[in-house]
Every structure is written in structure tokens, then in C-alpha cells.
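As C-alpha cells, the structure follows; a few thoughts come after it.
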Amino acid sequence: MGNGTPLGRVRGLGSAKSGTHHWWHHRLTATANIGLTLWLMFSVARMPGYDYAAVRLWLQSAWVAIPMILLVASVFYHFRLGLQTVIEDYQHDETRVVWMIILNLFTVATTGIALFAILKVAFTGAPA
């Protein structure tokens, strides 16, 4: 009992044993996104100015740069998990693999660009 129908067993339908892991990561990143976004909103609201020099000075602090990096990583991972679910649920032909590859490449590229931008501003010295 509990193995499903004989036809389902033959087709390999049923639990792939990875849904809980995916669900748990999606909930963890959602919780992290809420906390880090609240931090960002309060942190930006407390800034004395919003010009490039003020933002650069603000972002050069490790207390700001590290949470920003964590926010970017968490948001893009959460984005990837969510779109993976959409692709798996609604794409039923052979293009599913292509869409997953495009999703992964897009997520890695945009995460890299965002992290590079944060690190460049954080480590760039004062203009001469």
C-alpha cells in the first residue's frame, strides 16, 4: 500500500523526494528577503543624502555591504526557485530543459552583475 497505482509505478509518477527541499529553501529565502528588505528600507531612510558620494560612503561600510550582498544572493535564489516551479508546472514539452538552462544562466549573470556593482562601489576609493 502507498505505492500508487500500478500504471503510476510503471510511468515513474509520484514523489521525486526533492519537493520538501525546494519548498523549504523557498520559505527560508522568503523570510530572509523580508528581513533584509526591511533592513534596507530603514537603512536607506536614515541616510543623510542620496547623491552618489553619500551612497558610496554608506556602501563602503561592512555593516552595509555584507547585508546588501546577502540580500542580492537571497533575492536571486528565491527568484530562481519560483520560476523553476513555474517552468516545471506549466512547460510540458521538450523545451522545459532549454527554459531551465536559460533561467539558470540569466540568474547567474544578473547575480554576478549585481554583486560586482556592490563590490565595485564598496571598494572604490574617494575620487581624486
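Simple scheme: letters A, B, ... for chains in C-alpha cells order, numbers from 1 for residues in each chain, numbers from 1 for ligands in the order shown.
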For this session: Write out as an MDAnalysis selection string which residues come within 10 Å of Gly82 of chain A when counting only C-alpha atoms, dropping same-chain ones fewer than 6 positions away.
Result: chainID A and resid 22:23 26 76
Per residue of segment 18-70 of chain A within 12 Å of segment 118-121 of chain A, which atom pair is closest and at what distance in Å (one decimal), using only C-alpha atoms, listed by chain and increasing number, as a Markdown table?
```
| residue | atom | partner | partner_atom | distance |
| --- | --- | --- | --- | --- |
| A:Tyr52 | CA | A:Val121 | CA | 9.6 |
| A:Ala53 | CA | A:Val121 | CA | 10.0 |
| A:Ala54 | CA | A:Val121 | CA | 11.3 |
| A:Val55 | CA | A:Val121 | CA | 8.7 |
| A:Arg56 | CA | A:Val121 | CA | 5.9 |
| A:Leu57 | CA | A:Val121 | CA | 8.8 |
| A:Trp58 | CA | A:Val121 | CA | 9.8 |
| A:Leu59 | CA | A:Val121 | CA | 6.9 |
| A:Gln60 | CA | A:Val121 | CA | 7.2 |
| A:Ser61 | CA | A:Val121 | CA | 10.7 |
| A:Ala62 | CA | A:Leu119 | CA | 10.7 |
| A:Val64 | CA | A:Ile118 | CA | 10.1 |
| A:Ala65 | CA | A:Ile118 | CA | 7.0 |
| A:Ile66 | CA | A:Ile118 | CA | 9.5 |
| A:Pro67 | CA | A:Ile118 | CA | 10.7 |
| A:Met68 | CA | A:Ile118 | CA | 7.6 |
| A:Ile69 | CA | A:Ile118 | CA | 7.3 |
| A:Leu70 | CA | A:Ile118 | CA | 11.0 |
```
For this session: Write out as a VMD selection string all residues of chain A that backbone DSSP assigns to helix (DSSP H, G or I).
Result: chain A and resid 6 to 11 19 to 45 52 to 59 62 to 90 95 to 123
Please report as CSV every residue of segment 10-88 of chain A lying within 9 Å of segment 100-117 of chain A, along with the nearest atom pair and their distance in Å (one decimal), using only C-alpha atoms.
```
residue,atom,partner,partner_atom,distance
A:Met68,CA,A:Leu115,CA,8.7
A:Ile69,CA,A:Leu115,CA,6.4
A:Val72,CA,A:Thr111,CA,6.9
A:Ala73,CA,A:Thr111,CA,6.8
A:Phe76,CA,A:Thr107,CA,6.4
A:Tyr77,CA,A:Thr107,CA,7.8
A:Phe79,CA,A:Thr107,CA,8.1
A:Arg80,CA,A:Thr107,CA,6.6
A:Leu83,CA,A:Leu103,CA,7.7
A:Gln84,CA,A:Met100,CA,6.9
A:Ile87,CA,A:Met100,CA,7.3
A:Glu88,CA,A:Met100,CA,8.7
```
Those same residues - N, CA, C and O atoms - I'd like them written as an mmCIF file, in the first residue's frame.
```
data_model
loop_
_atom_site.group_PDB
_atom_site.id
_atom_site.type_symbol
_atom_site.label_atom_id
_atom_site.label_comp_id
_atom_site.auth_asym_id
_atom_site.auth_seq_id
_atom_site.Cartn_x
_atom_site.Cartn_y
_atom_site.Cartn_z
ATOM 1 N N MET A 68 23.824 43.833 1.986
ATOM 2 C CA MET A 68 23.416 44.051 0.593
ATOM 3 C C MET A 68 23.750 42.831 -0.265
ATOM 4 O O MET A 68 22.949 42.409 -1.094
ATOM 5 N N ILE A 69 24.937 42.271 -0.060
ATOM 6 C CA ILE A 69 25.330 41.070 -0.800
ATOM 7 C C ILE A 69 24.406 39.908 -0.447
ATOM 8 O O ILE A 69 23.961 39.165 -1.325
ATOM 9 N N VAL A 72 21.024 40.470 -2.210
ATOM 10 C CA VAL A 72 21.084 40.143 -3.639
ATOM 11 C C VAL A 72 21.087 38.629 -3.837
ATOM 12 O O VAL A 72 20.335 38.091 -4.665
ATOM 13 N N ALA A 73 21.926 37.919 -3.085
ATOM 14 C CA ALA A 73 22.001 36.461 -3.224
ATOM 15 C C ALA A 73 20.663 35.803 -2.894
ATOM 16 O O ALA A 73 20.195 34.919 -3.619
ATOM 17 N N PHE A 76 17.855 36.680 -5.657
ATOM 18 C CA PHE A 76 18.013 35.973 -6.929
ATOM 19 C C PHE A 76 17.814 34.466 -6.779
ATOM 20 O O PHE A 76 17.296 33.806 -7.685
ATOM 21 N N TYR A 77 18.212 33.898 -5.640
ATOM 22 C CA TYR A 77 17.964 32.469 -5.421
ATOM 23 C C TYR A 77 16.458 32.211 -5.290
ATOM 24 O O TYR A 77 15.921 31.247 -5.841
ATOM 25 N N PHE A 79 14.094 34.048 -6.592
ATOM 26 C CA PHE A 79 13.581 34.242 -7.949
ATOM 27 C C PHE A 79 13.738 32.972 -8.778
ATOM 28 O O PHE A 79 12.820 32.528 -9.454
ATOM 29 N N ARG A 80 14.924 32.366 -8.704
ATOM 30 C CA ARG A 80 15.202 31.156 -9.468
ATOM 31 C C ARG A 80 14.320 30.000 -9.018
ATOM 32 O O ARG A 80 13.785 29.259 -9.832
ATOM 33 N N LEU A 83 10.650 30.661 -10.336
ATOM 34 C CA LEU A 83 10.477 30.432 -11.769
ATOM 35 C C LEU A 83 10.724 28.985 -12.154
ATOM 36 O O LEU A 83 10.129 28.493 -13.121
ATOM 37 N N GLN A 84 11.576 28.296 -11.407
ATOM 38 C CA GLN A 84 11.758 26.861 -11.658
ATOM 39 C C GLN A 84 10.442 26.131 -11.456
ATOM 40 O O GLN A 84 10.069 25.266 -12.265
ATOM 41 N N ILE A 87 8.137 26.868 -14.426
ATOM 42 C CA ILE A 87 8.550 26.123 -15.625
ATOM 43 C C ILE A 87 8.189 24.647 -15.481
ATOM 44 O O ILE A 87 7.645 24.037 -16.412
ATOM 45 N N GLU A 88 8.470 24.060 -14.331
ATOM 46 C CA GLU A 88 8.171 22.639 -14.139
ATOM 47 C C GLU A 88 6.676 22.355 -14.167
ATOM 48 O O GLU A 88 6.253 21.300 -14.641
#
```
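Counting only C-alpha atoms and comparing A:Thr124, A:Asp89, A:Glu94, A:Val75, the residue that lies closest to Ala30 of chain A is A:Val75.
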For this session: Work out how far atom CA of His25 of chain A is from atom CA of His78 of chain A, in Å to one decimal.
Result: 8.0 Å
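Each of A:Thr37, A:Leu81, A:Arg96, A:Phe123 was compared to Trp24 of chain A using only C-alpha atoms, and A:Leu81 turns out to be the nearest.
Nearest to Ser43 of chain A of all the residues A:Thr20, A:Thr29, A:Val98, A:Trp63 is A:Trp63, based on only C-alpha atoms.
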